[in-house]
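Engineer: The following block contains the structure, expressed as structure tokens.
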Amino acid sequence: MTEPRHAYGWFTRSVERYGDSRVALEVAGHSLTYRGLGALAEGYAAQILARTGPAPRRIGLLAGRTPSAYAGYLAILRAGATVVPLNPEHPASRTASIVDAAGLDLVLTDTPGAASGLGVTELPLDPASAPDVPPVDASAVPDPGPEAVAYIIFTSGSTGAPKGVPVLHRNLSAYLTSMAERYDVGPDSRMSAAFDLTFDGSVHDLFVAWAAGATLVVPSAAQLLSPVATVNNLRLTHWFSVPSLISFAERLGTLKPDSMPTLRWSVFGGEALPLRSARAWHAAAPGSTIEVLYGPTELTVSCTAYRLPDDPADWPATPNGTTPIGRCHPGTEHLILDEDDLPADTGELLVRGPQRFPGYLDPADDAGRFHPPVPGEGDGEDKQAGADHWYRTGDRVALRDGVLVHLGRTDHQIKVRGHRIEPGEVAAVLRELTGVREAYVLAVPDVHGTPELHAAVSGGDCDPQRLFAELADRLPPYLRPRRISVLDSLPLNANGKIDHRALLTELSPAR
């Protein structure tokens, strides 16, 4: 069967197959069949085109966990435009910087007035009061084609500003061709939508479900803090989240043997999955197969996978106690380079293939992120971000028994509850605040071993409460430190640089 050439086609194929016989979306007590969700998306697309004309370029989606958010996502694709998700919980100043960087034509929102002050036209989405506009004329909306950009996710940037990652329709189609049938998803499946739309794990949620005629079930933010109750109350068959949510379940004392009987598949990504946590989840859902997905946003959601054997006695042992990240998806290949950029079994992971994005929204961010073909596999001509170039992930891995094991980072980037964070971005914002002379940000394990963002600052007038308040106006919640420690000066190592290890000891909760 020929696969769709663009993202919306994966959804419309299921609309044609299932119509009103299957539910496509459940959220906040509302259910929409495939035909119903398709009709809502078509209506919103008509409103978009009435505002923008026949060729919209990039459209923001400032919406939360509502039916309009998911229909709006589809509507932007239906209109032939690029989706730029925006988070309603993020500070207006950060959202404005993304709106400006993306050059948006329009912002869709499920909360009238939410986009005021962003310098772009707002289109409120309300399924109960849709204006009377002509339906979308399919012949008037050009097929975006596989080389068009499907969505842009903005990630933390080391320079102090978020950077845009454009993903093409062909990148997403390559991913879905590998993943849409991987988890036995079908019309009787109920898949979780644990990720916010600004997190690229949501792309997996939406299109793996909708490509197979499954029901996408959207928990509230509060429900996500009680994973076991959520799985049972929503009768989920497929779960996909960051591993950190396992810790929430453990702390609640709800992760008991056989406590999640409906689960058939449990997929984790966004950060390393400790084998200890995997064992606890397996005991609670023994009928569920556990798989780990790994991959940065630049490689379209995930590029490798590792499936744990059904019997925990057969699970591997790894140097750091985390589940391997496995092997590359079909069509995608990896390369490991040591510190001298020579092929090795341990070193930085590089990946290329049809899922690799073409380059950052700002070409300046491409510097150092792409590596030409290694000697012997091509002429090595350095065509920046050429199709044969490798993407440098910045992740350290080792190849053990034919599978990849994640060993950490080659730089200072960290993951906190699945969010990719450049500590330099947070430190740069801190240094802009009144009274701060020096700032350093790092991940410090809490008493449960879960990493949390901490900051150390020095200066003449560093009141932590004031700094917290000012950061709330500048950074989204996941980028704000849980603690700010004020020191007379930041410790330096023998090379005159800030001593990371000394600070880690200083900020450890064991002190």
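Identifiers in this document derive from the order of the structure tokens: chains are assigned A, B, ..., residues are numbered from 1 separately in each chain, and ligands are numbered from 1 in order of occurrence.
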Skip segment 498-509 of chain A itself and residues of its chain fewer than 6 positions away, then list as a list of chain:residue names all residues within 8 Å of it, counting only C-alpha atoms.
Structural biologist: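 The residues satisfying every condition are A:Tyr440, A:Leu442, A:Val444, A:Pro445, A:Asp446, A:Val447, A:His454, A:Ala456, A:Ser485, A:Leu490, A:Pro491, A:Leu492.
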Engineer: For those residues, write N, CA, C and O atoms to a file as a PDB file, in the first residue's frame.
Structural biologist:
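Everything below was put into again-v2.pdb:
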```
ATOM      1  N   TYR A 440      25.434  29.750  37.162  1.00  0.00           N
ATOM      2  CA  TYR A 440      25.732  28.429  36.601  1.00  0.00           C
ATOM      3  C   TYR A 440      24.539  27.534  36.929  1.00  0.00           C
ATOM      4  O   TYR A 440      24.008  27.566  38.052  1.00  0.00           O
ATOM      5  N   LEU A 442      22.800  23.527  36.630  1.00  0.00           N
ATOM      6  CA  LEU A 442      23.105  22.108  36.448  1.00  0.00           C
ATOM      7  C   LEU A 442      21.961  21.266  37.000  1.00  0.00           C
ATOM      8  O   LEU A 442      21.080  21.766  37.703  1.00  0.00           O
ATOM      9  N   VAL A 444      20.728  18.395  39.469  1.00  0.00           N
ATOM     10  CA  VAL A 444      21.113  17.794  40.744  1.00  0.00           C
ATOM     11  C   VAL A 444      20.069  16.748  41.100  1.00  0.00           C
ATOM     12  O   VAL A 444      18.869  17.050  41.117  1.00  0.00           O
ATOM     13  N   PRO A 445      20.472  15.516  41.375  1.00  0.00           N
ATOM     14  CA  PRO A 445      19.491  14.489  41.760  1.00  0.00           C
ATOM     15  C   PRO A 445      18.825  14.838  43.088  1.00  0.00           C
ATOM     16  O   PRO A 445      19.494  15.265  44.025  1.00  0.00           O
ATOM     17  N   ASP A 446      17.485  14.656  43.154  1.00  0.00           N
ATOM     18  CA  ASP A 446      16.809  14.863  44.428  1.00  0.00           C
ATOM     19  C   ASP A 446      16.962  13.608  45.291  1.00  0.00           C
ATOM     20  O   ASP A 446      17.708  12.685  44.940  1.00  0.00           O
ATOM     21  N   VAL A 447      16.257  13.549  46.393  1.00  0.00           N
ATOM     22  CA  VAL A 447      16.428  12.428  47.320  1.00  0.00           C
ATOM     23  C   VAL A 447      15.967  11.114  46.707  1.00  0.00           C
ATOM     24  O   VAL A 447      16.336  10.037  47.179  1.00  0.00           O
ATOM     25  N   HIS A 454      18.968  23.075  39.182  1.00  0.00           N
ATOM     26  CA  HIS A 454      19.411  23.974  40.248  1.00  0.00           C
ATOM     27  C   HIS A 454      20.329  25.036  39.648  1.00  0.00           C
ATOM     28  O   HIS A 454      21.013  24.798  38.660  1.00  0.00           O
ATOM     29  N   ALA A 456      23.243  28.172  40.718  1.00  0.00           N
ATOM     30  CA  ALA A 456      24.110  28.838  41.688  1.00  0.00           C
ATOM     31  C   ALA A 456      24.443  30.211  41.122  1.00  0.00           C
ATOM     32  O   ALA A 456      24.814  30.332  39.946  1.00  0.00           O
ATOM     33  N   SER A 485      20.764  28.867  44.652  1.00  0.00           N
ATOM     34  CA  SER A 485      21.687  29.030  45.784  1.00  0.00           C
ATOM     35  C   SER A 485      22.575  30.241  45.537  1.00  0.00           C
ATOM     36  O   SER A 485      23.150  30.386  44.449  1.00  0.00           O
ATOM     37  N   LEU A 490      31.496  31.555  42.659  1.00  0.00           N
ATOM     38  CA  LEU A 490      31.359  30.206  42.144  1.00  0.00           C
ATOM     39  C   LEU A 490      32.724  29.530  42.115  1.00  0.00           C
ATOM     40  O   LEU A 490      33.729  30.152  41.719  1.00  0.00           O
ATOM     41  N   PRO A 491      32.817  28.256  42.541  1.00  0.00           N
ATOM     42  CA  PRO A 491      34.120  27.573  42.594  1.00  0.00           C
ATOM     43  C   PRO A 491      34.715  27.391  41.208  1.00  0.00           C
ATOM     44  O   PRO A 491      33.989  27.140  40.237  1.00  0.00           O
ATOM     45  N   LEU A 492      36.028  27.520  41.129  1.00  0.00           N
ATOM     46  CA  LEU A 492      36.737  27.352  39.857  1.00  0.00           C
ATOM     47  C   LEU A 492      37.670  26.157  39.936  1.00  0.00           C
ATOM     48  O   LEU A 492      38.186  25.813  41.010  1.00  0.00           O
TER      49      LEU A 492
END
```
Engineer: Determine, counting only C-alpha atoms, which protein, DNA and RNA residues have an atom within 12 Å of an atom of Ile59 of chain A; residues of the same chain fewer than 6 positions away are not included. Present the result as a PyMOL selection string.
Structural biologist: chain A and resi 45+48-49+51-52+72-86+98-100+102-109+120-123+149-152
Engineer: Could those selected residues go to a file with N, CA, C and O atoms, as a compact mmCIF listing (two decimals), in the first residue's frame?
Structural biologist:
```
# COMPACT_ATOMS: atom_id res chain seq x y z
N ALA A 45 -9.97 24.73 9.09
CA ALA A 45 -9.10 25.02 7.94
C ALA A 45 -9.73 26.08 7.04
O ALA A 45 -9.05 26.96 6.51
N ILE A 48 -9.12 29.35 8.61
CA ILE A 48 -7.73 29.77 8.40
C ILE A 48 -7.56 30.39 7.02
O ILE A 48 -7.02 31.50 6.87
N LEU A 49 -8.05 29.70 6.01
CA LEU A 49 -7.87 30.17 4.63
C LEU A 49 -8.64 31.46 4.38
O LEU A 49 -8.22 32.30 3.57
N ARG A 51 -8.85 33.79 6.46
CA ARG A 51 -8.02 34.86 7.06
C ARG A 51 -6.72 35.08 6.28
O ARG A 51 -6.25 36.21 6.17
N THR A 52 -6.12 34.00 5.81
CA THR A 52 -4.76 34.09 5.25
C THR A 52 -4.71 34.12 3.74
O THR A 52 -3.69 34.51 3.16
N GLY A 72 -7.35 21.78 15.68
CA GLY A 72 -6.58 22.89 15.12
C GLY A 72 -5.28 22.44 14.51
O GLY A 72 -4.85 22.95 13.47
N TYR A 73 -4.63 21.47 15.15
CA TYR A 73 -3.39 20.91 14.61
C TYR A 73 -3.65 20.34 13.21
O TYR A 73 -2.92 20.63 12.25
N LEU A 74 -4.71 19.55 13.11
CA LEU A 74 -5.05 18.97 11.81
C LEU A 74 -5.45 20.05 10.81
O LEU A 74 -5.12 19.95 9.62
N ALA A 75 -6.17 21.07 11.28
CA ALA A 75 -6.63 22.12 10.39
C ALA A 75 -5.48 22.87 9.73
O ALA A 75 -5.53 23.21 8.54
N ILE A 76 -4.44 23.12 10.51
CA ILE A 76 -3.27 23.81 9.94
C ILE A 76 -2.66 22.98 8.83
O ILE A 76 -2.31 23.49 7.75
N LEU A 77 -2.53 21.68 9.07
CA LEU A 77 -1.99 20.80 8.03
C LEU A 77 -2.93 20.76 6.83
O LEU A 77 -2.47 20.75 5.67
N ARG A 78 -4.24 20.72 7.09
CA ARG A 78 -5.22 20.68 5.99
C ARG A 78 -5.12 21.93 5.14
O ARG A 78 -5.34 21.89 3.91
N ALA A 79 -4.80 23.06 5.75
CA ALA A 79 -4.68 24.32 5.01
C ALA A 79 -3.36 24.42 4.24
O ALA A 79 -3.12 25.42 3.56
N GLY A 80 -2.51 23.39 4.37
CA GLY A 80 -1.25 23.37 3.65
C GLY A 80 -0.15 24.16 4.33
O GLY A 80 0.88 24.47 3.70
N ALA A 81 -0.32 24.47 5.62
CA ALA A 81 0.65 25.28 6.34
C ALA A 81 1.48 24.43 7.30
O ALA A 81 1.23 23.24 7.49
N THR A 82 2.45 25.07 7.92
CA THR A 82 3.32 24.44 8.92
C THR A 82 2.77 24.72 10.31
O THR A 82 2.41 25.85 10.64
N VAL A 83 2.70 23.68 11.16
CA VAL A 83 2.23 23.82 12.53
C VAL A 83 3.40 24.28 13.41
O VAL A 83 4.47 23.67 13.41
N VAL A 84 3.17 25.34 14.18
CA VAL A 84 4.15 25.80 15.17
C VAL A 84 3.45 25.78 16.53
O VAL A 84 2.74 26.73 16.89
N PRO A 85 3.59 24.70 17.31
CA PRO A 85 2.92 24.62 18.61
C PRO A 85 3.48 25.65 19.59
O PRO A 85 4.69 25.86 19.67
N LEU A 86 2.58 26.27 20.34
CA LEU A 86 2.93 27.25 21.37
C LEU A 86 2.26 26.82 22.67
O LEU A 86 1.11 26.37 22.65
N ILE A 98 9.22 33.29 19.99
CA ILE A 98 9.02 32.20 19.04
C ILE A 98 8.16 32.66 17.87
O ILE A 98 8.44 32.35 16.70
N VAL A 99 7.11 33.44 18.17
CA VAL A 99 6.26 33.98 17.11
C VAL A 99 7.10 34.80 16.15
O VAL A 99 6.96 34.69 14.92
N ASP A 100 7.99 35.60 16.68
CA ASP A 100 8.84 36.45 15.85
C ASP A 100 9.83 35.61 15.04
O ASP A 100 10.01 35.82 13.84
N ALA A 102 9.59 32.51 14.13
CA ALA A 102 8.92 31.65 13.15
C ALA A 102 8.27 32.45 12.04
O ALA A 102 7.94 31.88 10.98
N GLY A 103 8.04 33.74 12.24
CA GLY A 103 7.38 34.53 11.21
C GLY A 103 5.98 34.05 10.92
O GLY A 103 5.63 33.77 9.77
N LEU A 104 5.15 33.96 11.96
CA LEU A 104 3.83 33.36 11.82
C LEU A 104 2.85 34.26 11.06
O LEU A 104 2.87 35.48 11.18
N ASP A 105 1.98 33.61 10.28
CA ASP A 105 0.91 34.32 9.57
C ASP A 105 -0.32 34.50 10.45
O ASP A 105 -1.12 35.42 10.23
N LEU A 106 -0.47 33.62 11.44
CA LEU A 106 -1.71 33.56 12.21
C LEU A 106 -1.44 32.71 13.46
O LEU A 106 -0.56 31.85 13.44
N VAL A 107 -2.20 32.95 14.52
CA VAL A 107 -2.14 32.09 15.71
C VAL A 107 -3.54 31.60 16.01
O VAL A 107 -4.47 32.40 16.19
N LEU A 108 -3.72 30.28 16.06
CA LEU A 108 -4.97 29.68 16.50
C LEU A 108 -4.91 29.51 18.01
O LEU A 108 -3.87 29.15 18.56
N THR A 109 -6.02 29.77 18.69
CA THR A 109 -6.05 29.59 20.13
C THR A 109 -7.42 29.11 20.58
O THR A 109 -8.44 29.43 19.95
N VAL A 120 0.57 39.34 16.14
CA VAL A 120 0.11 38.51 15.02
C VAL A 120 -1.39 38.32 15.17
O VAL A 120 -1.94 38.34 16.27
N THR A 121 -2.08 38.13 14.05
CA THR A 121 -3.53 37.97 14.07
C THR A 121 -3.92 36.69 14.79
O THR A 121 -3.31 35.64 14.62
N GLU A 122 -4.97 36.78 15.60
CA GLU A 122 -5.46 35.65 16.38
C GLU A 122 -6.74 35.10 15.75
O GLU A 122 -7.60 35.87 15.31
N LEU A 123 -6.87 33.78 15.73
CA LEU A 123 -8.10 33.13 15.30
C LEU A 123 -8.58 32.23 16.43
O LEU A 123 -8.03 31.15 16.65
N VAL A 149 7.58 21.75 5.09
CA VAL A 149 7.75 21.59 6.53
C VAL A 149 6.39 21.28 7.16
O VAL A 149 5.44 22.04 7.01
N ALA A 150 6.30 20.16 7.89
CA ALA A 150 5.06 19.77 8.56
C ALA A 150 4.89 20.53 9.87
O ALA A 150 3.81 21.05 10.15
N TYR A 151 5.94 20.58 10.68
CA TYR A 151 5.86 21.28 11.96
C TYR A 151 7.23 21.79 12.36
O TYR A 151 8.26 21.33 11.87
N ILE A 152 7.23 22.77 13.26
CA ILE A 152 8.47 23.31 13.82
C ILE A 152 8.34 23.25 15.34
O ILE A 152 7.42 23.82 15.92
```
Engineer: Give me, as a JSON list (two decimals) with all heavy atoms, in the first residue's frame, all polymer residues having an atom no more than 9 Å from Pro257 of chain A, counting only C-alpha atoms and skipping those fewer than 6 positions away in the same chain.
Structural biologist:
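Output contents, as saved in result.json:
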```json
[["chain", "number", "residue", "atom", "x", "y", "z"],
["A", 280, "ALA", "N", 9.61, -2.26, 38.02],
["A", 280, "ALA", "CA", 8.43, -1.90, 38.80],
["A", 280, "ALA", "C", 7.21, -1.76, 37.89],
["A", 280, "ALA", "O", 6.11, -2.22, 38.24],
["A", 280, "ALA", "CB", 8.69, -0.60, 39.56],
["A", 281, "TRP", "N", 7.38, -1.14, 36.73],
["A", 281, "TRP", "CA", 6.27, -0.98, 35.79],
["A", 281, "TRP", "C", 5.83, -2.33, 35.23],
["A", 281, "TRP", "O", 4.63, -2.60, 35.09],
["A", 281, "TRP", "CB", 6.67, -0.03, 34.67],
["A", 281, "TRP", "CG", 5.54, 0.35, 33.77],
["A", 281, "TRP", "CD1", 5.12, -0.28, 32.63],
["A", 281, "TRP", "CD2", 4.66, 1.48, 33.93],
["A", 281, "TRP", "NE1", 4.05, 0.36, 32.07],
["A", 281, "TRP", "CE2", 3.74, 1.45, 32.85],
["A", 281, "TRP", "CE3", 4.57, 2.50, 34.88],
["A", 281, "TRP", "CZ2", 2.74, 2.42, 32.69],
["A", 281, "TRP", "CZ3", 3.57, 3.46, 34.71],
["A", 281, "TRP", "CH2", 2.68, 3.41, 33.64],
["A", 282, "HIS", "N", 6.80, -3.18, 34.92],
["A", 282, "HIS", "CA", 6.48, -4.50, 34.37],
["A", 282, "HIS", "C", 5.65, -5.31, 35.37],
["A", 282, "HIS", "O", 4.71, -6.02, 34.98],
["A", 282, "HIS", "CB", 7.76, -5.25, 34.02],
["A", 282, "HIS", "CG", 7.53, -6.63, 33.47],
["A", 282, "HIS", "ND1", 7.45, -7.74, 34.29],
["A", 282, "HIS", "CD2", 7.34, -7.07, 32.21],
["A", 282, "HIS", "CE1", 7.24, -8.81, 33.54],
["A", 282, "HIS", "NE2", 7.16, -8.43, 32.28],
["A", 283, "ALA", "N", 6.00, -5.23, 36.64],
["A", 283, "ALA", "CA", 5.25, -5.97, 37.66],
["A", 283, "ALA", "C", 3.81, -5.46, 37.75],
["A", 283, "ALA", "O", 2.87, -6.24, 37.97],
["A", 283, "ALA", "CB", 5.93, -5.85, 39.01],
["A", 284, "ALA", "N", 3.63, -4.15, 37.54],
["A", 284, "ALA", "CA", 2.29, -3.57, 37.62],
["A", 284, "ALA", "C", 1.48, -3.84, 36.36],
["A", 284, "ALA", "O", 0.24, -3.83, 36.41],
["A", 284, "ALA", "CB", 2.39, -2.07, 37.86],
["A", 285, "ALA", "N", 2.15, -4.05, 35.24],
["A", 285, "ALA", "CA", 1.46, -4.32, 33.97],
["A", 285, "ALA", "C", 2.13, -5.50, 33.28],
["A", 285, "ALA", "O", 2.78, -5.35, 32.24],
["A", 285, "ALA", "CB", 1.49, -3.08, 33.08],
["A", 286, "PRO", "N", 2.02, -6.70, 33.85],
["A", 286, "PRO", "CA", 2.75, -7.87, 33.31],
["A", 286, "PRO", "C", 2.30, -8.27, 31.92],
["A", 286, "PRO", "O", 3.04, -8.96, 31.21],
["A", 286, "PRO", "CB", 2.44, -8.97, 34.33],
["A", 286, "PRO", "CG", 1.18, -8.55, 35.00],
["A", 286, "PRO", "CD", 1.23, -7.06, 35.04]]
```
Engineer: Using only C-alpha atoms, which of the listed residues (A:Arg431, A:Leu245, A:His204, A:Ile484) sits closest to Gln465 of chain A?
Structural biologist: A:Ile484
Engineer: Mind checking which residues fall within 7 Å of Arg170 of chain A, counting only C-alpha atoms, ignoring those fewer than 3 positions away in the same chain, and posting them as a VMD selection string?
Structural biologist: chain A and resid 5 to 6 146 to 147 173 to 174
Engineer: Quick one: residues within 9 Å of Asp365 of chain A, only C-alpha atoms counted, chain neighbours fewer than 5 positions away excluded, as a ChimeraX atom specification?
Structural biologist: /A:157,163,359-360
Engineer: What is the atom CA of Glu26 of chain A to atom CA of Val228 of chain A distance in Å?
Structural biologist: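 So the answer is 18.3 Å.
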Engineer: Which polymer residues have any atom within 12 Å of an atom of Leu25 of chain A, counting only C-alpha atoms, with same-chain residues fewer than 3 positions away left out, as a ChimeraX atom specification?
Structural biologist: /A:11,20,22,28-38,40,65-71,187,189-193,205-207,209-210,213-219
Engineer: From the options A:Val351, A:Val403, A:Leu252, A:Ala92, which residue's atoms come nearest to Trp390 of chain A, counting only C-alpha atoms?
Structural biologist: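 Looking only at the distances to Trp390 of chain A, the closest residue turns out to be A:Val351.
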Engineer: As a VMD selection string, please: the residues near Thr297 of chain A (cut-off 8 Å, only C-alpha atoms, same-chain neighbours under 3 positions excluded).
Structural biologist: chain A and resid 153 165 200 300 to 302
Engineer: Counting only C-alpha atoms, which residue out of A:Phe199, A:Ser178, A:Ser288, A:Thr332 sits closest to Ser259 of chain A?
Structural biologist: A:Ser288
